[in-house]
Number of protein chains: 2
Amino acid sequence: MAALLYTENHEVPYYECDVTNRMTPAMILNTIILISEHQNIELGLGIDFLDKFNLGWVVVQYEIDIERMPVMNETIAISTQATSYNRFFAFREFWIKDSNGETLVHVKSTWVTMDRTARKMVSIPEAVILPYQSEAVKRMPRLKRPTNINESDDLIKKPYQVRYYDIDGNGHVNNAHYLEWLTDVLPMDFLTTHEPKQISLRFENEVQYGHMIESQVTKPVESEGSMVTHHQIVVEDTISATATIEWRSRVE
Amino acid sequence: MAALLYTENHEVPYYECDVTNRMTPAMILNTIILISEHQNIELGLGIDFLDKFNLGWVVVQYEIDIERMPVMNETIAISTQATSYNRFFAFREFWIKDSNGETLVHVKSTWVTMDRTARKMVSIPEAVILPYQSEAVKRMPRLKRPTNINESDDLIKKPYQVRYYDIDGNGHVNNAHYLEWLTDVLPMDFLTTHEPKQISLRFENEVQYGHMIESQVTKPVESEGSMVTHHQIVVEDTISATATIEWRSRVE
């Protein structure tokens with residue numbers, strides 16, 4: 001039996017869009033997480049419930065496939081299901097569809113449960129996963145890992161300070177901001193003429209309020225007919241996130 | 001006869017809130033502008049219509065009175081009316097109410113019409129204002145002007161770079177970001193323990209993509225029983241926005 005599917009409509013406001021009136025990658029993450037939180041609440045698995053276990057769900061990795069970015073004022077349907085899990089990992093999928101039911105964006109994500117006090121990963125208690133009717137599996141689906149940047153790569157770099165408003169109600173930097181730093185570093189004329197086709201994003205170490213982070217990216221190069229960039233977020237010598245983005249030229 | 005009132009509900013998602021789960025001042029601006037844009041479209045006065053006149057509406061000044069900030073997951077009703085106008089200025093009000101009809105936030109704003117090519121203010125054509133049933137007035141309501149910062153003031157300063165995602169579909173920096181820079185500069189322990197009671201915000205000169213701006217604020221001091229801070233956004237020697245914010249202590 002397939003895991004429970006939860007769907008909600010979302011009308012994309014101008015302030016979730018970029019200069020080309022397309023939804024930003026960061027807002028894709030914000031809205032899908034909102035919808036998964038609504039499913040959690042519907043199933044009685046919201047923050048209050050997790051409080052009893054002193055647990056929080058943490059995303060380790062995303063693989064985002066984009067057919068087309070939603071545009072300003074478009075009403076999209078966002079669906080999610082907690083597809084499968086094993087002892088330590090849960091696999092959750094999201095689909096963003098247009099009004100004709102065409103899939104615009106498909107997101108695969110890997111999650112772990114973290115003990116809030118110890119800030120350590122713990123095995124997933126059955127009580128917090130069974131109500132999703134997730135499939136118990138031995139091997140988790142493999143998400144595409146971002147390619148590491150080499151010392152010798154020709155990089156574009158930009159510093160960003162972690163701001164007060166980057167911190168969410170859990171006291172942590174909202175994951176969507178990593179994607180903002182990762183992409184904002186690219187030149188404006190590149191960003192207005194390309195859109196992401198696939199984003200692989202992996203979180204390694206948390207950044208904190210006040211940190212000065214550096215967003216680093218390889219210069220965009222044509223590779224087998226498409227543009228690919230490799231990214232990392234660095235705080236001093238620690239890598240806090242990595243990403244590989246495949247781009248297509250934007251068609252007006 | 002009073003101007004036409006337009007109302008829409010909005011459910012506040014977590015990503016429009018700060019670490020205390022209250023809606024951010026910037027998101028107050030984003031959502032009220034969204035609702036006024038929806039009224040424009042309903043009355044046939046959207047961007048397409050303004051295109052014919054080569055005009056854009058530009059906010060000069062806001063005065064925001066806050067009884068209480070909306071909180072995460074709260075459903076608020078946002079109303080707006082284009083209350084009154086004279087030859088050069090239009091006065092628009094907004095109200096944010098809770099589910100009991102209590103006013104949480106009242107925003108007064110002054111607008112001008114700008115010729116898009118010349119980037120100059122022009123007198124307001126009747127065609128773009130009459131359908132709101134705004135009252136023609138001789139004298140516009142006076143909004144409280146922000147207090148200027150003095151050379152001798154003891155200031156907190158922080159640099160911010162204008163980012164790609166700060167630019168909206170009109171090619172300009174979304175006004176809400178000014179409010180983000182203006183408030184983010186304050187220390188985190190001040191922001192988590194205070195909330196704005198009144199914000200006077202005035203736009204002077206536009207900032208551009210790539211600009212390094214400096215947000216400057218006077219150190220918070222008690223004045224007649226409440227905290228007041230004076231703010232400015234500076235690009236090199238040019239002031240691009242000023243604000244005065246009155247704060248109250250947050251009650252949990």
# chains A, B, ... in the order shown; residues from 1 in each chain; ligands from 1
>>> residues_around(residues="B:Asp189", least_positions_apart="3", cutoff="12 Å", atoms="only C-alpha atoms", output="list in words")
Tyr164 and Tyr209 of chain A; Val19, Thr20, Asp184, Val185, Leu186, Thr192, Thr193, His194, Glu195, Pro220, Ser249 and Arg250 of chain B
>>> write_last_selection(atoms="N, CA, C and O atoms", output="PDB file, in the first residue's frame")
ATOM      1  N   TYR A 164      19.259  37.866  11.400  1.00  0.00           N
ATOM      2  CA  TYR A 164      18.240  37.555  12.406  1.00  0.00           C
ATOM      3  C   TYR A 164      17.041  36.852  11.765  1.00  0.00           C
ATOM      4  O   TYR A 164      16.538  35.854  12.284  1.00  0.00           O
ATOM      5  N   TYR A 209      23.456  32.113  13.689  1.00  0.00           N
ATOM      6  CA  TYR A 209      23.230  33.563  13.639  1.00  0.00           C
ATOM      7  C   TYR A 209      24.548  34.305  13.819  1.00  0.00           C
ATOM      8  O   TYR A 209      25.324  33.982  14.716  1.00  0.00           O
TER       9      TYR A 209
ATOM     10  N   VAL B  19      12.066  34.165  14.658  1.00  0.00           N
ATOM     11  CA  VAL B  19      12.410  33.114  15.611  1.00  0.00           C
ATOM     12  C   VAL B  19      11.394  33.018  16.760  1.00  0.00           C
ATOM     13  O   VAL B  19      11.280  31.983  17.407  1.00  0.00           O
ATOM     14  N   THR B  20      10.619  34.097  16.987  1.00  0.00           N
ATOM     15  CA  THR B  20       9.594  34.064  18.038  1.00  0.00           C
ATOM     16  C   THR B  20       8.231  33.659  17.464  1.00  0.00           C
ATOM     17  O   THR B  20       7.205  33.793  18.138  1.00  0.00           O
ATOM     18  N   ASP B 184      17.171  44.297  11.034  1.00  0.00           N
ATOM     19  CA  ASP B 184      18.160  43.223  11.267  1.00  0.00           C
ATOM     20  C   ASP B 184      19.417  43.725  11.962  1.00  0.00           C
ATOM     21  O   ASP B 184      20.089  42.974  12.668  1.00  0.00           O
ATOM     22  N   VAL B 185      19.747  45.001  11.765  1.00  0.00           N
ATOM     23  CA  VAL B 185      20.962  45.597  12.339  1.00  0.00           C
ATOM     24  C   VAL B 185      20.940  45.602  13.884  1.00  0.00           C
ATOM     25  O   VAL B 185      21.996  45.602  14.524  1.00  0.00           O
ATOM     26  N   LEU B 186      19.743  45.573  14.464  1.00  0.00           N
ATOM     27  CA  LEU B 186      19.638  45.578  15.932  1.00  0.00           C
ATOM     28  C   LEU B 186      20.073  44.225  16.497  1.00  0.00           C
ATOM     29  O   LEU B 186      19.938  43.199  15.842  1.00  0.00           O
ATOM     30  N   THR B 192      14.401  39.807  19.979  1.00  0.00           N
ATOM     31  CA  THR B 192      13.562  38.735  20.527  1.00  0.00           C
ATOM     32  C   THR B 192      12.748  39.193  21.742  1.00  0.00           C
ATOM     33  O   THR B 192      11.793  38.531  22.122  1.00  0.00           O
ATOM     34  N   THR B 193      13.118  40.318  22.340  1.00  0.00           N
ATOM     35  CA  THR B 193      12.426  40.757  23.550  1.00  0.00           C
ATOM     36  C   THR B 193      11.578  42.014  23.336  1.00  0.00           C
ATOM     37  O   THR B 193      10.919  42.485  24.259  1.00  0.00           O
ATOM     38  N   HIS B 194      11.602  42.562  22.125  1.00  0.00           N
ATOM     39  CA  HIS B 194      10.792  43.744  21.819  1.00  0.00           C
ATOM     40  C   HIS B 194      10.025  43.536  20.526  1.00  0.00           C
ATOM     41  O   HIS B 194      10.455  42.772  19.671  1.00  0.00           O
ATOM     42  N   GLU B 195       8.890  44.221  20.396  1.00  0.00           N
ATOM     43  CA  GLU B 195       8.251  44.226  19.092  1.00  0.00           C
ATOM     44  C   GLU B 195       7.855  45.645  18.729  1.00  0.00           C
ATOM     45  O   GLU B 195       7.590  46.467  19.614  1.00  0.00           O
ATOM     46  N   PRO B 220      19.175  51.657  21.118  1.00  0.00           N
ATOM     47  CA  PRO B 220      17.850  51.744  21.733  1.00  0.00           C
ATOM     48  C   PRO B 220      17.914  52.437  23.097  1.00  0.00           C
ATOM     49  O   PRO B 220      18.722  52.061  23.931  1.00  0.00           O
ATOM     50  N   SER B 249       8.027  46.124  24.991  1.00  0.00           N
ATOM     51  CA  SER B 249       8.572  44.839  25.425  1.00  0.00           C
ATOM     52  C   SER B 249       7.611  43.739  25.022  1.00  0.00           C
ATOM     53  O   SER B 249       6.398  43.925  25.082  1.00  0.00           O
ATOM     54  N   ARG B 250       8.153  42.621  24.621  1.00  0.00           N
ATOM     55  CA  ARG B 250       7.313  41.505  24.228  1.00  0.00           C
ATOM     56  C   ARG B 250       6.819  40.751  25.438  1.00  0.00           C
ATOM     57  O   ARG B 250       7.590  40.467  26.361  1.00  0.00           O
TER      58      ARG B 250
END
>>> residues_around(residues="B:Phe203", least_positions_apart="2", cutoff="8 Å", atoms="only C-alpha atoms", output="CSV table (one decimal) with N, CA, C and O atoms, in the first residue's frame")
chain,number,residue,atom,x,y,z
B,59,VAL,N,5.5,53.9,-3.4
B,59,VAL,CA,5.2,54.3,-2.1
B,59,VAL,C,6.3,55.3,-1.6
B,59,VAL,O,7.5,55.0,-1.8
B,60,VAL,N,5.9,56.4,-1.0
B,60,VAL,CA,6.8,57.3,-0.5
B,60,VAL,C,7.0,57.1,1.0
B,60,VAL,O,8.2,57.2,1.5
B,61,GLN,N,6.0,56.8,1.7
B,61,GLN,CA,6.0,56.8,3.1
B,61,GLN,C,5.0,55.8,3.7
B,61,GLN,O,3.9,55.7,3.2
B,201,LEU,N,8.3,55.0,8.1
B,201,LEU,CA,9.3,54.6,7.2
B,201,LEU,C,9.2,55.5,5.9
B,201,LEU,O,8.1,55.6,5.4
B,205,ASN,N,15.8,57.4,-1.8
B,205,ASN,CA,16.5,57.1,-3.1
B,205,ASN,C,16.6,55.6,-3.2
B,205,ASN,O,16.9,54.9,-2.2
B,206,GLU,N,16.4,55.1,-4.4
B,206,GLU,CA,16.4,53.7,-4.7
B,206,GLU,C,17.8,53.1,-4.6
B,206,GLU,O,18.8,53.7,-5.1
B,240,SER,N,19.1,56.4,1.5
B,240,SER,CA,18.0,55.9,0.7
B,240,SER,C,16.7,55.6,1.4
B,240,SER,O,15.7,55.5,0.8
B,241,ALA,N,16.8,55.5,2.7
B,241,ALA,CA,15.5,55.3,3.5
B,241,ALA,C,15.8,55.7,4.9
B,241,ALA,O,16.9,55.6,5.4
B,242,THR,N,14.8,56.3,5.6
B,242,THR,CA,14.9,56.6,7.0
B,242,THR,C,13.7,56.0,7.7
B,242,THR,O,12.6,55.8,7.1
>>> residues_around(residues="B:Glu102", least_positions_apart="4", cutoff="10 Å", atoms="only C-alpha atoms", output="ChimeraX atom specification")
/B:67,77,95-98
>>> interface_residues(of="chain A", to="chain B", cutoff="8 Å", atoms="only C-alpha atoms", output="compact mmCIF listing (two decimals) with all heavy atoms, in the first residue's frame")
# COMPACT_ATOMS: atom_id res chain seq x y z
N PRO A 13 2.55 34.27 -4.64
CA PRO A 13 2.54 35.73 -4.60
C PRO A 13 3.82 36.30 -5.21
O PRO A 13 4.83 35.60 -5.31
CB PRO A 13 2.48 36.05 -3.10
CG PRO A 13 3.09 34.87 -2.43
CD PRO A 13 2.86 33.68 -3.32
N TYR A 14 3.77 37.56 -5.61
CA TYR A 14 4.93 38.20 -6.25
C TYR A 14 6.18 38.12 -5.38
O TYR A 14 7.30 38.02 -5.89
CB TYR A 14 4.62 39.67 -6.59
CG TYR A 14 4.61 40.58 -5.38
CD1 TYR A 14 5.77 41.24 -4.97
CD2 TYR A 14 3.46 40.75 -4.61
CE1 TYR A 14 5.77 42.03 -3.83
CE2 TYR A 14 3.47 41.53 -3.47
CZ TYR A 14 4.62 42.18 -3.09
OH TYR A 14 4.64 42.95 -1.96
N TYR A 15 5.98 38.13 -4.06
CA TYR A 15 7.15 38.19 -3.20
C TYR A 15 7.81 36.82 -2.99
O TYR A 15 8.79 36.72 -2.25
CB TYR A 15 6.83 38.89 -1.87
CG TYR A 15 5.73 38.27 -1.04
CD1 TYR A 15 5.98 37.20 -0.20
CD2 TYR A 15 4.43 38.77 -1.09
CE1 TYR A 15 4.98 36.63 0.56
CE2 TYR A 15 3.42 38.22 -0.33
CZ TYR A 15 3.69 37.15 0.50
OH TYR A 15 2.69 36.60 1.25
N CYS A 17 8.72 35.38 -5.83
CA CYS A 17 9.25 35.28 -7.20
C CYS A 17 10.50 36.14 -7.36
O CYS A 17 10.74 37.07 -6.60
CB CYS A 17 8.21 35.73 -8.21
SG CYS A 17 6.78 34.63 -8.22
N ASP A 18 11.26 35.83 -8.42
CA ASP A 18 12.46 36.62 -8.72
C ASP A 18 12.13 37.69 -9.76
O ASP A 18 10.96 37.90 -10.10
CB ASP A 18 13.61 35.69 -9.16
CG ASP A 18 13.31 35.00 -10.48
OD1 ASP A 18 12.38 35.40 -11.20
OD2 ASP A 18 14.02 34.03 -10.80
N VAL A 19 13.15 38.34 -10.27
CA VAL A 19 12.97 39.44 -11.21
C VAL A 19 12.31 38.98 -12.51
O VAL A 19 11.72 39.78 -13.23
CB VAL A 19 14.34 40.15 -11.45
CG1 VAL A 19 15.32 39.21 -12.14
CG2 VAL A 19 14.20 41.44 -12.24
N THR A 20 12.36 37.68 -12.80
CA THR A 20 11.72 37.16 -14.02
C THR A 20 10.30 36.65 -13.73
O THR A 20 9.69 36.00 -14.56
CB THR A 20 12.54 36.01 -14.65
OG1 THR A 20 12.42 34.85 -13.81
CG2 THR A 20 14.01 36.37 -14.79
N ASN A 21 9.80 36.95 -12.51
CA ASN A 21 8.46 36.53 -12.09
C ASN A 21 8.28 35.02 -11.97
O ASN A 21 7.18 34.50 -12.05
CB ASN A 21 7.37 37.12 -13.01
CG ASN A 21 7.24 38.62 -12.80
OD1 ASN A 21 7.40 39.11 -11.68
ND2 ASN A 21 6.95 39.34 -13.87
N THR A 24 11.18 31.47 -6.69
CA THR A 24 12.60 31.22 -6.41
C THR A 24 12.79 29.79 -5.89
O THR A 24 11.88 29.23 -5.28
CB THR A 24 13.14 32.21 -5.36
OG1 THR A 24 12.55 31.91 -4.09
CG2 THR A 24 12.84 33.66 -5.73
N ASN A 30 10.52 26.35 0.92
CA ASN A 30 9.65 26.86 1.98
C ASN A 30 8.23 26.32 1.86
O ASN A 30 7.63 25.91 2.85
CB ASN A 30 9.59 28.39 1.94
CG ASN A 30 10.75 29.03 2.70
OD1 ASN A 30 11.31 28.43 3.62
ND2 ASN A 30 11.10 30.25 2.33
N LEU A 34 6.15 23.63 4.26
CA LEU A 34 4.88 24.06 4.86
C LEU A 34 3.82 22.98 4.68
O LEU A 34 3.11 22.62 5.63
CB LEU A 34 4.42 25.36 4.20
CG LEU A 34 3.08 25.91 4.69
CD1 LEU A 34 3.20 26.44 6.12
CD2 LEU A 34 2.56 27.02 3.77
N ARG A 163 21.56 36.33 9.04
CA ARG A 163 20.77 37.42 9.60
C ARG A 163 19.75 36.93 10.63
O ARG A 163 19.38 35.76 10.63
CB ARG A 163 20.01 38.13 8.46
CG ARG A 163 20.91 38.72 7.42
CD ARG A 163 20.08 39.35 6.30
NE ARG A 163 20.94 39.92 5.27
CZ ARG A 163 20.49 40.45 4.14
NH1 ARG A 163 19.18 40.49 3.89
NH2 ARG A 163 21.33 40.94 3.24
N TYR A 164 19.26 37.87 11.40
CA TYR A 164 18.24 37.55 12.41
C TYR A 164 17.04 36.85 11.76
O TYR A 164 16.54 35.85 12.28
CB TYR A 164 17.80 38.85 13.09
CG TYR A 164 16.65 38.65 14.07
CD1 TYR A 164 16.85 37.92 15.24
CD2 TYR A 164 15.39 39.17 13.82
CE1 TYR A 164 15.82 37.72 16.13
CE2 TYR A 164 14.35 38.98 14.71
CZ TYR A 164 14.56 38.25 15.86
OH TYR A 164 13.54 38.05 16.73
N TYR A 165 16.60 37.36 10.63
CA TYR A 165 15.39 36.82 10.02
C TYR A 165 15.63 35.51 9.26
O TYR A 165 14.70 34.94 8.71
CB TYR A 165 14.72 37.86 9.11
CG TYR A 165 14.23 39.05 9.89
CD1 TYR A 165 14.84 40.28 9.77
CD2 TYR A 165 13.16 38.91 10.78
CE1 TYR A 165 14.40 41.38 10.51
CE2 TYR A 165 12.72 39.99 11.52
CZ TYR A 165 13.33 41.22 11.39
OH TYR A 165 12.89 42.28 12.12
N ASP A 166 16.89 35.05 9.24
CA ASP A 166 17.18 33.73 8.66
C ASP A 166 16.87 32.61 9.65
O ASP A 166 16.84 31.44 9.26
CB ASP A 166 18.68 33.64 8.27
CG ASP A 166 19.07 34.62 7.17
OD1 ASP A 166 18.16 35.09 6.45
OD2 ASP A 166 20.27 34.91 7.03
N ILE A 167 16.69 32.97 10.91
CA ILE A 167 16.49 31.97 11.97
C ILE A 167 14.99 31.70 12.11
O ILE A 167 14.20 32.63 12.22
CB ILE A 167 17.00 32.51 13.33
CG1 ILE A 167 18.40 33.13 13.20
CG2 ILE A 167 16.98 31.43 14.41
CD1 ILE A 167 19.50 32.18 12.90
N ASP A 168 14.61 30.43 12.10
CA ASP A 168 13.18 30.11 12.21
C ASP A 168 12.78 29.82 13.65
O ASP A 168 13.59 29.94 14.57
CB ASP A 168 12.80 28.97 11.26
CG ASP A 168 13.45 27.66 11.65
OD1 ASP A 168 13.93 27.53 12.81
OD2 ASP A 168 13.49 26.75 10.81
N GLY A 169 11.53 29.46 13.83
CA GLY A 169 10.96 29.27 15.17
C GLY A 169 11.64 28.16 15.97
O GLY A 169 11.46 28.08 17.19
N ASN A 170 12.41 27.29 15.30
CA ASN A 170 13.15 26.25 16.02
C ASN A 170 14.52 26.74 16.48
O ASN A 170 15.28 25.98 17.06
CB ASN A 170 13.37 25.02 15.11
CG ASN A 170 12.06 24.44 14.64
OD1 ASN A 170 11.11 24.34 15.41
ND2 ASN A 170 11.99 24.10 13.36
N GLY A 171 14.82 28.00 16.16
CA GLY A 171 16.11 28.55 16.56
C GLY A 171 17.23 28.20 15.58
O GLY A 171 18.39 28.47 15.85
N GLU A 180 19.37 30.07 -1.14
CA GLU A 180 19.46 31.47 -1.55
C GLU A 180 20.94 31.87 -1.69
O GLU A 180 21.33 32.46 -2.69
CB GLU A 180 18.81 32.32 -0.47
CG GLU A 180 17.99 33.48 -0.97
CD GLU A 180 17.14 34.01 0.17
OE1 GLU A 180 17.69 34.55 1.15
OE2 GLU A 180 15.91 33.86 0.09
N ASP A 184 22.48 32.91 -5.23
CA ASP A 184 22.68 34.36 -5.35
C ASP A 184 24.09 34.72 -5.78
O ASP A 184 24.31 35.76 -6.41
CB ASP A 184 22.36 35.04 -4.01
CG ASP A 184 22.48 36.56 -4.10
OD1 ASP A 184 21.52 37.19 -4.57
OD2 ASP A 184 23.56 37.10 -3.74
N MET A 188 24.07 38.05 -12.06
CA MET A 188 22.67 38.33 -12.37
C MET A 188 22.33 37.97 -13.82
O MET A 188 21.27 37.41 -14.08
CB MET A 188 22.36 39.80 -12.12
CG MET A 188 20.89 40.13 -12.26
SD MET A 188 20.56 41.80 -11.62
CE MET A 188 18.76 41.85 -11.76
>>> select_by_dssp(residues="stretch 90-229 of chain B", states="alpha helix (DSSP H)", output="list in words")
Ala176, His177, Tyr178, Leu179, Glu180, Trp181, Leu182, Thr183, Asp184, Met188, Asp189, Phe190 and Leu191 of chain B
>>> residues_around(residues="A:Pro146", least_positions_apart="4", cutoff="12 Å", atoms="only C-alpha atoms", output="ChimeraX atom specification")
/A:61-64,198-204,228-232,241-246
>>> select_by_dssp(residues="stretch 66-110 of chain A", states="strand (DSSP E or B)", output="list in words")
Ile66, Val71, Thr75, Ile76, Ala77, Ile78, Ser79, Thr80, Gln81, Ala82, Thr83, Ser84, Tyr85, Ala90, Phe91, Arg92, Glu93, Phe94, Trp95, Ile96, Lys97, Thr103, Leu104, Val105, His106, Val107, Lys108, Ser109 and Thr110 of chain A
>>> write_last_selection(atoms="C-alpha atoms", output="mmCIF file, in the first residue's frame")
data_model
loop_
_atom_site.group_PDB
_atom_site.id
_atom_site.type_symbol
_atom_site.label_atom_id
_atom_site.label_comp_id
_atom_site.auth_asym_id
_atom_site.auth_seq_id
_atom_site.Cartn_x
_atom_site.Cartn_y
_atom_site.Cartn_z
ATOM 1 C CA ILE A 66 12.357 20.994 -12.316
ATOM 2 C CA VAL A 71 5.213 31.693 -12.066
ATOM 3 C CA THR A 75 -2.111 28.381 -8.527
ATOM 4 C CA ILE A 76 -0.105 25.219 -7.999
ATOM 5 C CA ALA A 77 -1.016 21.988 -6.233
ATOM 6 C CA ILE A 78 1.664 20.774 -3.846
ATOM 7 C CA SER A 79 1.528 17.114 -2.805
ATOM 8 C CA THR A 80 3.674 15.113 -0.463
ATOM 9 C CA GLN A 81 4.030 11.601 0.869
ATOM 10 C CA ALA A 82 6.429 9.997 3.324
ATOM 11 C CA THR A 83 7.199 7.258 0.828
ATOM 12 C CA SER A 84 9.465 4.882 2.721
ATOM 13 C CA TYR A 85 11.822 4.506 5.660
ATOM 14 C CA ALA A 90 12.971 8.463 5.977
ATOM 15 C CA PHE A 91 12.359 9.182 2.316
ATOM 16 C CA ARG A 92 9.783 11.895 1.508
ATOM 17 C CA GLU A 93 8.622 13.020 -1.916
ATOM 18 C CA PHE A 94 6.896 16.182 -3.122
ATOM 19 C CA TRP A 95 5.214 17.066 -6.401
ATOM 20 C CA ILE A 96 4.253 20.517 -7.615
ATOM 21 C CA LYS A 97 1.643 20.382 -10.376
ATOM 22 C CA THR A 103 4.218 17.927 -12.847
ATOM 23 C CA LEU A 104 6.387 21.053 -12.717
ATOM 24 C CA VAL A 105 8.678 20.044 -9.879
ATOM 25 C CA HIS A 106 9.468 16.693 -8.241
ATOM 26 C CA VAL A 107 11.425 16.717 -4.995
ATOM 27 C CA LYS A 108 12.986 13.701 -3.321
ATOM 28 C CA SER A 109 14.335 14.156 0.183
ATOM 29 C CA THR A 110 16.077 12.168 2.888
#
>>> closest_residue(among="B:Ile129, B:Val221, B:Leu5, B:Met69", to="B:Leu155", atoms="only C-alpha atoms")
B:Val221
>>> atom_distance(atom1="atom CA of A:Leu179", atom2="atom CA of A:Leu55")
24.7 Å
>>> atom_distance(atom1="atom CA of B:Glu8", atom2="atom CA of B:Ser36")
9.8 Å
>>> atom_distance(atom1="atom CA of B:Gly101", atom2="atom CA of B:Ile32")
16.9 Å
>>> residues_around(residues="B:Leu50", least_positions_apart="4", cutoff="12 Å", atoms="only C-alpha atoms", output="number ranges by chain")
B: 37, 40-41, 44-46, 54-57, 113-116, 124-125, 127-129
>>> closest_residue(among="B:Arg139, B:Lys120, B:His211, B:Arg68", to="B:Lys197", atoms="only C-alpha atoms")
B:Arg68
>>> closest_residue(among="A:Val58, A:Val12, A:Leu43, A:Met121", to="A:Glu74", atoms="only C-alpha atoms")
A:Val12
